[in-house]
file run09.cif (mmCIF, C-alpha atoms)
data_data
#
loop_
_atom_site.label_atom_id
_atom_site.label_comp_id
_atom_site.auth_asym_id
_atom_site.auth_seq_id
_atom_site.Cartn_x
_atom_site.Cartn_y
_atom_site.Cartn_z
CA MET A 1 -5.14 9.59 12.76
CA THR A 2 -8.33 9.27 14.71
CA THR A 3 -10.78 6.50 14.03
CA GLY A 4 -14.23 5.34 15.03
CA GLY A 5 -15.78 8.76 14.49
CA GLU A 6 -13.63 10.52 17.09
CA ASP A 7 -13.16 14.27 16.60
CA SER A 8 -9.85 15.14 14.95
CA SER A 9 -9.76 18.79 16.10
CA PRO A 10 -9.82 20.11 19.68
CA TRP A 11 -12.58 22.64 18.99
CA LEU A 12 -14.82 19.84 17.74
CA GLY A 13 -14.20 17.98 20.99
CA LEU A 14 -15.05 21.10 22.97
CA LEU A 15 -18.22 21.58 20.95
CA ARG A 16 -19.21 17.97 21.59
CA TRP A 17 -18.64 18.43 25.32
CA SER A 18 -20.64 21.67 25.35
CA LEU A 19 -23.55 20.13 23.48
CA GLN A 20 -23.51 17.22 25.89
CA TYR A 21 -23.88 19.38 28.99
CA THR A 22 -26.13 22.22 27.82
CA ASP A 23 -29.00 22.31 25.36
CA GLY A 24 -28.99 26.09 24.84
CA THR A 25 -32.60 26.52 26.03
CA LYS A 26 -31.71 28.11 29.35
CA PRO A 27 -29.57 31.15 30.19
CA SER A 28 -25.94 30.21 30.77
CA ASN A 29 -26.03 31.56 34.35
CA GLU A 30 -28.68 28.96 35.19
CA THR A 31 -26.74 26.05 33.80
CA MET A 32 -23.20 27.03 34.83
CA SER A 33 -21.71 25.20 37.80
CA PRO A 34 -18.21 24.47 39.11
CA MET A 35 -16.38 21.92 36.96
CA THR A 36 -16.19 18.51 38.56
CA THR A 37 -13.02 16.41 38.65
CA GLU A 38 -14.58 14.03 36.14
CA ASP A 39 -15.47 16.89 33.78
CA ARG A 40 -11.97 18.33 34.00
CA ALA A 41 -10.41 14.94 33.29
CA PHE A 42 -12.73 14.46 30.31
CA LEU A 43 -11.86 17.90 28.92
CA GLU A 44 -8.11 17.33 29.29
CA ALA A 45 -8.43 13.97 27.52
CA VAL A 46 -10.33 15.61 24.64
CA MET A 47 -7.63 18.25 24.26
CA LYS A 48 -4.83 15.69 24.38
CA ASP A 49 -6.42 13.21 21.97
CA GLY A 50 -7.78 15.84 19.62
CA VAL A 51 -4.48 17.58 18.87
CA ILE A 52 -2.38 15.81 16.26
CA ASP A 53 1.26 16.76 15.73
CA PRO A 54 1.52 16.87 11.89
CA ALA A 55 5.29 16.45 11.88
CA LYS A 56 5.05 13.39 14.13
CA ARG A 57 2.20 11.95 12.11
CA MET A 58 4.09 12.53 8.87
CA LYS A 59 7.06 10.63 10.28
CA GLU A 60 4.77 7.74 11.22
CA ILE A 61 3.20 7.69 7.76
CA LEU A 62 6.57 7.66 6.00
CA ALA A 63 7.72 4.80 8.23
CA HIS A 64 4.58 2.79 7.40
CA LEU A 65 4.95 3.54 3.70
CA ASN A 66 8.55 2.41 3.64
CA ILE A 67 7.64 -0.85 5.37
CA TRP A 68 4.82 -1.39 2.88
CA LEU A 69 7.04 -0.81 -0.13
CA ARG A 70 9.79 -3.12 1.14
CA ASN A 71 7.27 -5.87 1.77
CA PHE A 72 5.47 -5.33 -1.51
CA LEU A 73 8.72 -5.74 -3.39
CA GLY A 74 9.50 -8.92 -1.45
CA ASP A 75 12.18 -7.59 0.87
CA GLY A 76 10.57 -7.45 4.29
CA ASN A 77 8.39 -9.00 6.95
CA ASP A 78 4.93 -10.18 5.83
CA GLU A 79 3.49 -9.27 9.24
CA ASN A 80 3.56 -5.58 8.36
CA LYS A 81 2.07 -5.72 4.88
CA PHE A 82 -0.48 -3.07 3.85
CA ASN A 83 -3.01 -3.50 1.11
CA GLU A 84 -3.38 -1.06 -1.76
CA ASP A 85 -6.33 0.84 -0.27
CA GLU A 86 -4.50 1.39 3.01
CA MET A 87 -1.47 2.63 1.10
CA VAL A 88 -3.55 5.13 -0.85
CA ASP A 89 -5.29 6.30 2.34
CA LEU A 90 -1.93 6.97 4.01
CA LEU A 91 -0.69 8.84 0.95
CA GLU A 92 -3.83 10.99 0.88
CA GLU A 93 -3.26 11.87 4.52
CA LEU A 94 0.36 12.72 3.78
CA HIS A 95 -0.81 14.85 0.84
CA GLU A 96 -3.07 16.89 3.10
CA ILE A 97 -0.24 17.49 5.57
CA VAL A 98 2.32 18.69 3.00
CA GLU A 99 -0.12 21.21 1.55
CA ASN A 100 1.26 23.34 4.36
CA ILE A 101 4.49 24.83 3.00
CA ASP A 102 6.41 24.33 6.25
CA PHE A 103 5.41 20.69 6.61
CA ALA A 104 6.41 20.19 2.97
CA ARG A 105 9.91 21.27 3.90
CA ASP A 106 9.85 18.98 6.94
CA CYS A 107 8.91 16.10 4.66
CA VAL A 108 12.01 16.76 2.56
CA LYS A 109 14.17 16.79 5.71
CA MET A 110 12.69 13.41 6.63
CA ASN A 111 13.88 12.04 3.28
CA GLY A 112 10.37 11.73 1.95
CA VAL A 113 11.50 12.70 -1.56
CA PRO A 114 13.55 9.55 -2.28
CA PHE A 115 10.56 7.42 -1.29
CA LEU A 116 8.15 9.39 -3.48
CA LEU A 117 10.45 9.32 -6.50
CA GLY A 118 11.31 5.67 -6.01
CA CYS A 119 7.71 4.59 -5.56
CA SER A 120 6.62 6.62 -8.59
CA SER A 121 9.29 4.98 -10.73
CA GLU A 122 8.68 1.39 -9.60
CA ARG A 123 6.42 -0.14 -12.24
CA LYS A 124 5.56 -3.11 -9.99
CA VAL A 125 3.76 -0.75 -7.60
CA PRO A 126 -0.01 -0.35 -8.25
CA ARG A 127 -0.81 2.56 -10.55
CA PRO A 128 -3.04 4.48 -8.06
CA VAL A 129 -0.19 4.48 -5.55
CA ARG A 130 2.31 5.75 -8.12
CA LEU A 131 -0.04 8.52 -9.24
CA GLN A 132 -0.59 9.61 -5.65
CA CYS A 133 3.17 9.78 -5.07
CA LEU A 134 3.55 11.99 -8.15
CA ASN A 135 0.76 14.27 -6.92
CA ILE A 136 2.48 14.64 -3.55
CA SER A 137 5.78 15.45 -5.28
CA SER A 138 4.00 18.25 -7.14
CA THR A 139 2.50 19.68 -3.96
CA LEU A 140 5.82 19.51 -2.12
CA SER A 141 7.67 21.72 -4.58
CA GLN A 142 4.98 24.07 -5.88
CA ASN A 143 5.88 27.67 -4.98
CA ASN A 144 8.38 26.33 -2.44
CA PRO A 145 11.95 27.36 -3.44
CA PRO A 146 13.82 25.40 -0.71
CA VAL A 147 12.04 22.20 -1.77
CA GLN A 148 12.63 22.94 -5.46
CA GLU A 149 16.30 23.45 -4.70
CA ALA A 150 16.56 20.19 -2.77
CA MET A 151 14.75 18.16 -5.42
CA LEU A 152 16.91 19.58 -8.21
CA ARG A 153 20.31 19.52 -6.51
CA GLU A 154 20.14 16.73 -3.94
CA HIS A 155 17.70 14.22 -5.40
CA ASN A 156 18.27 14.44 -9.17
CA ALA A 157 14.50 14.67 -9.56
CA LEU A 158 14.62 16.37 -12.96
CA ASN A 159 16.41 13.44 -14.59
CA ILE A 160 14.43 10.82 -12.67
CA LEU A 161 11.05 12.24 -13.68
CA THR A 162 12.11 12.91 -17.27
CA ASN A 163 13.35 9.34 -17.69
CA LEU A 164 10.15 8.08 -16.08
CA TYR A 165 8.11 10.00 -18.66
CA LEU A 166 10.09 8.46 -21.52
CA THR A 167 9.61 5.01 -20.01
CA GLU A 168 5.85 5.46 -19.63
CA MET A 169 5.27 6.62 -23.22
CA ALA A 170 4.80 3.09 -24.54
CA ASP A 171 2.21 2.05 -21.95
CA ASP A 172 0.08 5.06 -21.02
CA PRO A 173 -2.83 5.19 -23.51
CA GLY A 174 -4.90 7.67 -21.52
CA GLY A 175 -1.93 9.86 -20.70
CA SER A 176 -2.80 10.08 -16.99
CA MET A 177 0.62 8.95 -15.79
CA ARG A 178 2.48 11.28 -18.15
CA LYS A 179 0.21 14.15 -17.18
CA CYS A 180 1.11 13.67 -13.49
CA ILE A 181 4.80 13.48 -14.38
CA VAL A 182 4.60 16.74 -16.35
CA GLN A 183 2.77 18.34 -13.42
CA ALA A 184 5.53 17.24 -11.03
CA LEU A 185 8.21 18.58 -13.40
CA SER A 186 6.33 21.84 -13.82
CA CYS A 187 5.95 22.47 -10.09
CA MET A 188 9.60 21.68 -9.51
CA VAL A 189 11.06 24.10 -12.10
CA ARG A 190 8.57 26.96 -12.56
CA SER A 191 9.71 30.31 -11.10
CA HIS A 192 13.07 28.77 -10.16
CA ARG A 193 15.83 30.17 -12.36
CA ILE A 194 18.14 27.16 -12.24
CA GLY A 195 15.22 24.76 -12.57
CA GLU A 196 13.81 26.50 -15.63
CA GLU A 197 17.21 26.82 -17.30
CA SER A 198 18.03 23.17 -16.61
CA PHE A 199 14.69 22.04 -18.06
CA CYS A 200 14.84 24.24 -21.15
CA SER A 201 18.46 23.36 -21.89
CA SER A 202 17.78 19.61 -21.78
CA ASP A 203 16.90 17.88 -25.05
CA SER A 204 15.05 15.19 -23.08
CA CYS A 205 12.96 17.70 -21.12
CA ARG A 206 12.01 19.61 -24.24
CA TYR A 207 11.08 16.31 -25.85
CA VAL A 208 8.65 15.67 -22.97
CA ILE A 209 6.72 18.84 -23.90
CA GLU A 210 6.93 18.10 -27.63
CA GLU A 211 5.71 14.54 -27.20
CA GLY A 212 2.93 15.59 -24.87
CA ILE A 213 1.39 17.95 -27.41
CA GLY A 214 1.95 15.60 -30.34
CA CYS A 215 4.95 17.08 -32.19
CA HIS A 216 6.30 13.66 -33.10
CA THR A 217 3.00 12.00 -33.96
CA PRO A 218 1.12 12.39 -37.27
CA ASN A 219 -2.08 14.42 -36.86
CA ASP A 220 -4.39 11.55 -37.81
CA VAL A 221 -2.70 9.19 -35.35
CA HIS A 222 -2.62 11.85 -32.64
CA ALA A 223 -6.33 12.55 -33.15
CA GLN A 224 -7.15 8.89 -32.56
CA ASN A 225 -4.92 8.57 -29.49
CA SER A 226 -5.17 12.09 -28.11
CA SER A 227 -4.90 12.83 -24.42
CA PRO A 228 -6.61 16.18 -23.80
CA GLY A 229 -5.41 16.39 -20.21
CA LEU A 230 -1.79 15.82 -21.21
CA GLN A 231 -2.06 18.30 -24.09
CA LYS A 232 -3.52 20.95 -21.83
CA LYS A 233 -0.85 20.45 -19.18
CA CYS A 234 2.01 20.61 -21.70
CA VAL A 235 0.68 23.78 -23.35
CA PHE A 236 0.34 25.33 -19.88
CA VAL A 237 3.97 24.48 -19.02
CA LEU A 238 5.14 25.76 -22.41
CA LYS A 239 3.38 29.06 -21.80
CA ALA A 240 4.76 29.34 -18.26
CA LEU A 241 8.35 28.75 -19.40
CA LEU A 242 8.19 31.11 -22.38
CA HIS A 243 6.35 33.89 -20.49
CA SER A 244 8.67 33.57 -17.50
CA ASP A 245 10.78 36.49 -16.29
CA PHE A 246 13.76 34.24 -16.96
CA SER A 247 12.77 33.57 -20.57
CA SER A 248 14.93 34.72 -23.47
CA SER A 249 15.08 34.72 -27.26
CA GLU A 250 17.30 31.66 -27.11
CA ARG A 251 14.83 29.77 -24.89
CA ILE A 252 11.89 30.59 -27.15
CA ASN A 253 13.87 29.47 -30.19
CA LYS A 254 14.49 26.07 -28.59
CA PHE A 255 10.74 25.52 -28.38
CA THR A 256 9.97 26.50 -31.99
CA LEU A 257 8.69 23.02 -32.83
CA ALA A 258 6.37 23.01 -29.82
CA ILE A 259 5.06 26.50 -30.59
CA LYS A 260 4.20 25.54 -34.16
CA ARG A 261 2.49 22.38 -32.99
CA ALA A 262 0.46 24.35 -30.44
CA ILE A 263 -0.84 26.54 -33.26
CA ASP A 264 -2.56 23.42 -34.62
CA PHE A 265 -4.89 23.56 -31.61
CA ILE A 266 -6.39 26.86 -32.83
CA ASP A 267 -6.52 25.89 -36.51
CA PRO A 268 -10.14 25.01 -37.42
CA GLU A 269 -8.90 22.75 -40.23
CA ASN A 270 -6.81 20.63 -37.89
CA ILE A 271 -8.46 17.25 -37.25
CA SER A 272 -6.94 17.02 -33.77
CA GLU A 273 -9.61 19.03 -31.96
CA ALA A 274 -8.55 20.67 -28.70
CA ASP A 275 -10.85 21.64 -25.85
CA ILE A 276 -11.65 25.26 -25.06
CA ASP A 277 -9.13 25.52 -22.22
CA THR A 278 -6.28 24.30 -24.43
CA LYS A 279 -7.30 26.74 -27.16
CA GLU A 280 -7.39 29.66 -24.75
CA THR A 281 -4.04 28.72 -23.23
CA THR A 282 -2.53 28.49 -26.72
CA LEU A 283 -3.94 31.89 -27.67
CA ASP A 284 -2.61 33.36 -24.43
CA LEU A 285 0.79 31.80 -25.21
CA LEU A 286 0.90 33.38 -28.67
CA LEU A 287 -0.35 36.77 -27.47
CA GLY A 288 2.30 36.89 -24.76
CA LEU A 289 5.07 36.02 -27.22
CA VAL A 290 3.95 38.72 -29.63
CA LYS A 291 3.71 41.34 -26.89
CA GLN A 292 7.04 40.62 -25.20
CA HIS A 293 8.97 40.83 -28.51
CA LYS A 294 11.80 38.57 -27.36
CA ASN A 295 11.50 36.17 -30.27
CA VAL A 296 8.58 36.04 -32.71
CA ASP A 297 10.24 34.02 -35.50
CA ALA A 298 7.93 31.01 -35.11
CA ILE A 299 4.86 33.23 -35.11
CA VAL A 300 6.01 35.18 -38.17
CA GLU A 301 6.56 31.91 -40.01
CA GLU A 302 3.02 30.81 -39.14
CA LYS A 303 1.49 34.29 -39.50
CA LYS A 304 -0.74 33.54 -42.48
CA ARG A 305 -2.15 30.41 -40.90
CA ILE A 306 -2.84 32.25 -37.63
CA ILE A 307 -4.55 35.11 -39.44
CA GLN A 308 -6.67 32.80 -41.57
CA SER A 309 -7.66 30.78 -38.52
CA GLY A 310 -8.40 33.97 -36.60
CA ILE A 311 -10.62 35.48 -39.28
CA CYS A 312 -12.59 32.25 -39.56
CA ARG A 313 -12.91 31.76 -35.82
CA VAL A 314 -13.73 35.37 -34.92
CA GLN A 315 -16.51 35.48 -37.51
CA ALA A 316 -17.95 32.25 -36.12
CA LEU A 317 -17.78 33.55 -32.55
CA GLN A 318 -19.35 36.89 -33.46
CA ALA A 319 -22.26 35.06 -35.09
CA ILE A 320 -23.26 33.49 -31.76
CA THR A 321 -26.39 35.10 -30.33
CA ASP A 322 -27.27 32.94 -27.33
CA PRO A 323 -26.34 34.95 -24.17
CA ASP A 324 -24.97 31.93 -22.30
CA GLU A 325 -22.84 30.84 -25.23
CA LYS A 326 -21.59 34.39 -25.76
CA GLU A 327 -20.45 34.50 -22.15
CA PHE A 328 -18.74 31.13 -22.54
CA ILE A 329 -16.69 32.23 -25.59
CA ARG A 330 -16.02 35.79 -24.39
CA GLU A 331 -12.42 35.09 -23.34
CA GLU A 332 -11.54 33.26 -26.55
CA LEU A 333 -12.96 36.07 -28.66
CA ASN A 334 -11.05 38.67 -26.66
CA LEU A 335 -7.79 36.77 -27.09
CA TRP A 336 -8.32 36.34 -30.82
CA GLU A 337 -9.06 40.03 -31.33
CA ASN A 338 -5.96 41.07 -29.39
CA ILE A 339 -3.77 38.68 -31.35
CA MET A 340 -5.14 40.04 -34.64
CA ILE A 341 -4.39 43.58 -33.52
CA GLU A 342 -0.83 42.70 -32.50
CA LEU A 343 -0.14 40.80 -35.71
CA ALA A 344 -1.40 43.75 -37.73
CA LYS A 345 1.50 45.77 -36.30
CA PHE A 346 4.09 43.42 -37.83
CA ASP A 347 6.03 44.87 -40.74
CA VAL A 348 5.81 41.71 -42.81
CA THR A 349 4.50 40.55 -46.19
CA ASP A 350 0.83 41.28 -46.82
CA HIS A 351 0.88 43.84 -44.00
CA GLU A 352 -1.86 45.95 -45.57
CA SER A 353 -4.22 43.04 -46.20
CA ILE A 354 -3.77 41.85 -42.61
CA GLU A 355 -4.55 45.32 -41.26
CA SER A 356 -7.59 45.51 -43.52
CA ASN A 357 -9.01 42.13 -42.40
CA THR A 358 -8.33 42.91 -38.76
CA ALA A 359 -9.98 46.31 -39.00
CA LYS A 360 -13.08 44.77 -40.54
CA LEU A 361 -13.32 42.23 -37.75
CA MET A 362 -12.92 44.87 -35.06
CA ILE A 363 -15.60 47.07 -36.65
CA SER A 364 -18.06 44.20 -36.92
CA SER A 365 -17.61 43.32 -33.25
CA SER A 366 -18.18 46.89 -32.02
#

call {"tool": "encode", "arguments": {"input": "run09.cif", "output": "structure tokens"}}
result
Amino acid sequence: MTTGGEDSSPWLGLLRWSLQYTDGTKPSNETMSPMTTEDRAFLEAVMKDGVIDPAKRMKEILAHLNIWLRNFLGDGNDENKFNEDEMVDLLEELHEIVENIDFARDCVKMNGVPFLLGCSSERKVPRPVRLQCLNISSTLSQNNPPVQEAMLREHNALNILTNLYLTEMADDPGGSMRKCIVQALSCMVRSHRIGEESFCSSDSCRYVIEEGIGCHTPNDVHAQNSSPGLQKKCVFVLKALLHSDFSSSERINKFTLAIKRAIDFIDPENISEADIDTKETTLDLLLGLVKQHKNVDAIVEEKKRIIQSGICRVQALQAITDPDEKEFIREELNLWENIMIELAKFDVTDHESIESNTAKLMISSS
């Protein structure tokens, strides 16, 4: 890491050197001259100091972080203690490095995962530090199969993070810690066959999603203690798992409780109001389930409620005249109309009345 305002990239050092020796007001052939020994030495120093080896720097950061954690927990030398701000700064730098997929894999090879999981799970560690460790864990594994594999098979990360979520439930009123845990779990398992199957087959993992969207909390209590960010994240993960290429009728059936709870977010009579993103994600979840026809039992059971909510909501959306507002609700309206059309195809009770109501809504919107 460079300090004191020094340039961190070689091209910035070259630019600084160029600006120092030419002002751009004269033709280059009038200002060009043979490079002196001093100039050459300066240029070589800029190139050497400006180039940082990310792998080497990552190793240095991990070493510092390990020293900090040992000392913070009372098992090290006080001379090497870091304060909380310095710890967060180092973690932010590490986060930037591992955004590169190759350096993320290098971090795993350097045994960075045990530190990140351990620091995230240690409740004595300051909350900002724990959250940053969870964010780095997410970045490490996202769309990175070798890292996902290592975290699942070698580091038992699925169980560690799930147990951490269950531990944090009693002392996370804003839901920020649980949201970061769900994000880390999501990045680790999504698009990874074994990861998804392991998550969906685990009662504890499914409980994480159910708890996050309020399945086990009365509506009035959930409304008072809602965590929109956590809700949104859990609905997103639910949609990703059930829309996945690896999804099946059996998997969808295991999440019946979560699906029915998610429908509450689009019910205008539900007192637990969800934000627009959560509503749209829920609608997208339902539309995908109806279209893929793997398992629609939960939707059929809630068909009347969905239809009633849809009729009410579509009419309200169609009544909006302000151009800006109409643009804002365009996606929600489109999702609702598509769901109504798909549900009208179901050969279920009240089929004709559903088709009739849907047809009326489609005509009025045309």

call {"tool": "resolve_selection", "arguments": {"input": "run09.cif", "expression": "the PyMOL selection byres ((chain A and resi 298) around 12)", "output": "PDB file with C-alpha atoms, in the frame of the given file"}}
result
ATOM      1  CA  SER A 249      15.080  34.720 -27.260  1.00  0.00           C
ATOM      2  CA  ILE A 252      11.890  30.590 -27.150  1.00  0.00           C
ATOM      3  CA  ASN A 253      13.870  29.470 -30.190  1.00  0.00           C
ATOM      4  CA  LYS A 254      14.490  26.070 -28.590  1.00  0.00           C
ATOM      5  CA  PHE A 255      10.740  25.520 -28.380  1.00  0.00           C
ATOM      6  CA  THR A 256       9.970  26.500 -31.990  1.00  0.00           C
ATOM      7  CA  LEU A 257       8.690  23.020 -32.830  1.00  0.00           C
ATOM      8  CA  ALA A 258       6.370  23.010 -29.820  1.00  0.00           C
ATOM      9  CA  ILE A 259       5.060  26.500 -30.590  1.00  0.00           C
ATOM     10  CA  LYS A 260       4.200  25.540 -34.160  1.00  0.00           C
ATOM     11  CA  ARG A 261       2.490  22.380 -32.990  1.00  0.00           C
ATOM     12  CA  ALA A 262       0.460  24.350 -30.440  1.00  0.00           C
ATOM     13  CA  ILE A 263      -0.840  26.540 -33.260  1.00  0.00           C
ATOM     14  CA  LEU A 286       0.900  33.380 -28.670  1.00  0.00           C
ATOM     15  CA  LEU A 289       5.070  36.020 -27.220  1.00  0.00           C
ATOM     16  CA  VAL A 290       3.950  38.720 -29.630  1.00  0.00           C
ATOM     17  CA  HIS A 293       8.970  40.830 -28.510  1.00  0.00           C
ATOM     18  CA  LYS A 294      11.800  38.570 -27.360  1.00  0.00           C
ATOM     19  CA  ASN A 295      11.500  36.170 -30.270  1.00  0.00           C
ATOM     20  CA  VAL A 296       8.580  36.040 -32.710  1.00  0.00           C
ATOM     21  CA  ASP A 297      10.240  34.020 -35.500  1.00  0.00           C
ATOM     22  CA  ILE A 299       4.860  33.230 -35.110  1.00  0.00           C
ATOM     23  CA  VAL A 300       6.010  35.180 -38.170  1.00  0.00           C
ATOM     24  CA  GLU A 301       6.560  31.910 -40.010  1.00  0.00           C
ATOM     25  CA  GLU A 302       3.020  30.810 -39.140  1.00  0.00           C
ATOM     26  CA  LYS A 303       1.490  34.290 -39.500  1.00  0.00           C
ATOM     27  CA  LYS A 304      -0.740  33.540 -42.480  1.00  0.00           C
ATOM     28  CA  ARG A 305      -2.150  30.410 -40.900  1.00  0.00           C
ATOM     29  CA  ILE A 306      -2.840  32.250 -37.630  1.00  0.00           C
TER      30      ILE A 306
END

call {"tool": "resolve_selection", "arguments": {"input": "run09.cif", "expression": "the PyMOL selection byres ((chain A and resi 331) around 12)", "output": "list of chain:residue names"}}
result
A:Ile276, A:Asp277, A:Lys279, A:Glu280, A:Thr281, A:Leu283, A:Asp284, A:Val314, A:Leu317, A:Glu325, A:Lys326, A:Glu327, A:Phe328, A:Ile329, A:Arg330, A:Glu332, A:Leu333, A:Asn334, A:Leu335, A:Trp336, A:Glu337, A:Asn338

call {"tool": "resolve_selection", "arguments": {"input": "run09.cif", "expression": "the PyMOL selection byres ((chain A and resi 117) around 9)", "output": "NGL selection string"}}
result
:A and (112-116 or 118-122 or 133-134 or 137 or 155 or 157 or 160-161)

call {"tool": "write_last_selection", "arguments": {"input": "run09.cif", "atoms": "C-alpha atoms", "output": "compact mmCIF listing (two decimals), keeping the file's coordinate frame"}}
result
# COMPACT_ATOMS: atom_id res chain seq x y z
CA GLY A 112 10.37 11.73 1.95
CA VAL A 113 11.50 12.70 -1.56
CA PRO A 114 13.55 9.55 -2.28
CA PHE A 115 10.56 7.42 -1.29
CA LEU A 116 8.15 9.39 -3.48
CA GLY A 118 11.31 5.67 -6.01
CA CYS A 119 7.71 4.59 -5.56
CA SER A 120 6.62 6.62 -8.59
CA SER A 121 9.29 4.98 -10.73
CA GLU A 122 8.68 1.39 -9.60
CA CYS A 133 3.17 9.78 -5.07
CA LEU A 134 3.55 11.99 -8.15
CA SER A 137 5.78 15.45 -5.28
CA HIS A 155 17.70 14.22 -5.40
CA ALA A 157 14.50 14.67 -9.56
CA ILE A 160 14.43 10.82 -12.67
CA LEU A 161 11.05 12.24 -13.68

call {"tool": "atom_distance", "arguments": {"input": "run09.cif", "atom1": "CA of Asn144 in chain A", "atom2": "CA of Gln132 in chain A"}}
result
19.2 Å

call {"tool": "axis_aligned_box", "arguments": {"input": "run09.cif", "around": "range 262-279 of chain A", "padding_each_side": "4 Å", "output": "JSON"}}
result
{"center_x": -5.6, "center_y": 21.9, "center_z": -31.2, "size_x": 20.1, "size_y": 17.8, "size_z": 26.0}

call {"tool": "closest_residue", "arguments": {"input": "run09.cif", "among": "A:Ala104, A:Ala184, A:Met340, A:Ala55", "to": "Cys312 in chain A", "atoms": "only C-alpha atoms"}}
result
A:Met340

call {"tool": "atom_distance", "arguments": {"input": "run09.cif", "atom1": "CA of Cys187 in chain A", "atom2": "CA of Cys200 in chain A"}}
result
14.3 Å

call {"tool": "atom_distance", "arguments": {"input": "run09.cif", "atom1": "CA of Met58 in chain A", "atom2": "CA of Ser191 in chain A"}}
result
27.3 Å

call {"tool": "build_atoms", "arguments": {"input": "run09.cif", "residues": "range 160-165 of chain A", "atoms": "all heavy atoms", "output": "PDB file, keeping the file's coordinate frame"}}
result
ATOM      1  N   ILE A 160      15.248  11.985 -13.035  1.00  0.00           N
ATOM      2  CA  ILE A 160      14.430  10.820 -12.670  1.00  0.00           C
ATOM      3  C   ILE A 160      13.040  10.916 -13.294  1.00  0.00           C
ATOM      4  O   ILE A 160      12.537   9.963 -13.902  1.00  0.00           O
ATOM      5  CB  ILE A 160      14.327  10.694 -11.136  1.00  0.00           C
ATOM      6  CG1 ILE A 160      15.685  10.294 -10.551  1.00  0.00           C
ATOM      7  CG2 ILE A 160      13.266   9.662 -10.744  1.00  0.00           C
ATOM      8  CD1 ILE A 160      15.725  10.303  -9.030  1.00  0.00           C
ATOM      9  N   LEU A 161      12.404  12.078 -13.161  1.00  0.00           N
ATOM     10  CA  LEU A 161      11.050  12.240 -13.680  1.00  0.00           C
ATOM     11  C   LEU A 161      11.019  12.277 -15.206  1.00  0.00           C
ATOM     12  O   LEU A 161      10.091  11.752 -15.830  1.00  0.00           O
ATOM     13  CB  LEU A 161      10.423  13.519 -13.112  1.00  0.00           C
ATOM     14  CG  LEU A 161      10.102  13.482 -11.614  1.00  0.00           C
ATOM     15  CD1 LEU A 161       9.673  14.861 -11.113  1.00  0.00           C
ATOM     16  CD2 LEU A 161       9.023  12.450 -11.310  1.00  0.00           C
ATOM     17  N   THR A 162      12.044  12.877 -15.806  1.00  0.00           N
ATOM     18  CA  THR A 162      12.110  12.910 -17.270  1.00  0.00           C
ATOM     19  C   THR A 162      12.267  11.493 -17.827  1.00  0.00           C
ATOM     20  O   THR A 162      11.585  11.102 -18.787  1.00  0.00           O
ATOM     21  CB  THR A 162      13.271  13.793 -17.748  1.00  0.00           C
ATOM     22  OG1 THR A 162      13.096  15.118 -17.234  1.00  0.00           O
ATOM     23  CG2 THR A 162      13.308  13.855 -19.266  1.00  0.00           C
ATOM     24  N   ASN A 163      13.158  10.727 -17.240  1.00  0.00           N
ATOM     25  CA  ASN A 163      13.350   9.340 -17.690  1.00  0.00           C
ATOM     26  C   ASN A 163      12.095   8.505 -17.453  1.00  0.00           C
ATOM     27  O   ASN A 163      11.767   7.624 -18.254  1.00  0.00           O
ATOM     28  CB  ASN A 163      14.543   8.714 -16.954  1.00  0.00           C
ATOM     29  CG  ASN A 163      15.870   9.307 -17.399  1.00  0.00           C
ATOM     30  OD1 ASN A 163      15.990   9.793 -18.525  1.00  0.00           O
ATOM     31  ND2 ASN A 163      16.866   9.278 -16.522  1.00  0.00           N
ATOM     32  N   LEU A 164      11.393   8.798 -16.358  1.00  0.00           N
ATOM     33  CA  LEU A 164      10.150   8.080 -16.080  1.00  0.00           C
ATOM     34  C   LEU A 164       9.123   8.380 -17.172  1.00  0.00           C
ATOM     35  O   LEU A 164       8.420   7.477 -17.639  1.00  0.00           O
ATOM     36  CB  LEU A 164       9.599   8.486 -14.714  1.00  0.00           C
ATOM     37  CG  LEU A 164       8.260   7.855 -14.303  1.00  0.00           C
ATOM     38  CD1 LEU A 164       8.340   6.337 -14.310  1.00  0.00           C
ATOM     39  CD2 LEU A 164       7.827   8.367 -12.924  1.00  0.00           C
ATOM     40  N   TYR A 165       9.038   9.633 -17.593  1.00  0.00           N
ATOM     41  CA  TYR A 165       8.110  10.000 -18.660  1.00  0.00           C
ATOM     42  C   TYR A 165       8.419   9.206 -19.933  1.00  0.00           C
ATOM     43  O   TYR A 165       7.521   8.637 -20.565  1.00  0.00           O
ATOM     44  CB  TYR A 165       8.197  11.495 -18.953  1.00  0.00           C
ATOM     45  CG  TYR A 165       7.202  11.969 -19.999  1.00  0.00           C
ATOM     46  CD1 TYR A 165       6.014  12.576 -19.626  1.00  0.00           C
ATOM     47  CD2 TYR A 165       7.453  11.808 -21.364  1.00  0.00           C
ATOM     48  CE1 TYR A 165       5.090  13.004 -20.572  1.00  0.00           C
ATOM     49  CE2 TYR A 165       6.540  12.225 -22.317  1.00  0.00           C
ATOM     50  CZ  TYR A 165       5.360  12.823 -21.917  1.00  0.00           C
ATOM     51  OH  TYR A 165       4.456  13.231 -22.868  1.00  0.00           O
TER      52      TYR A 165
END
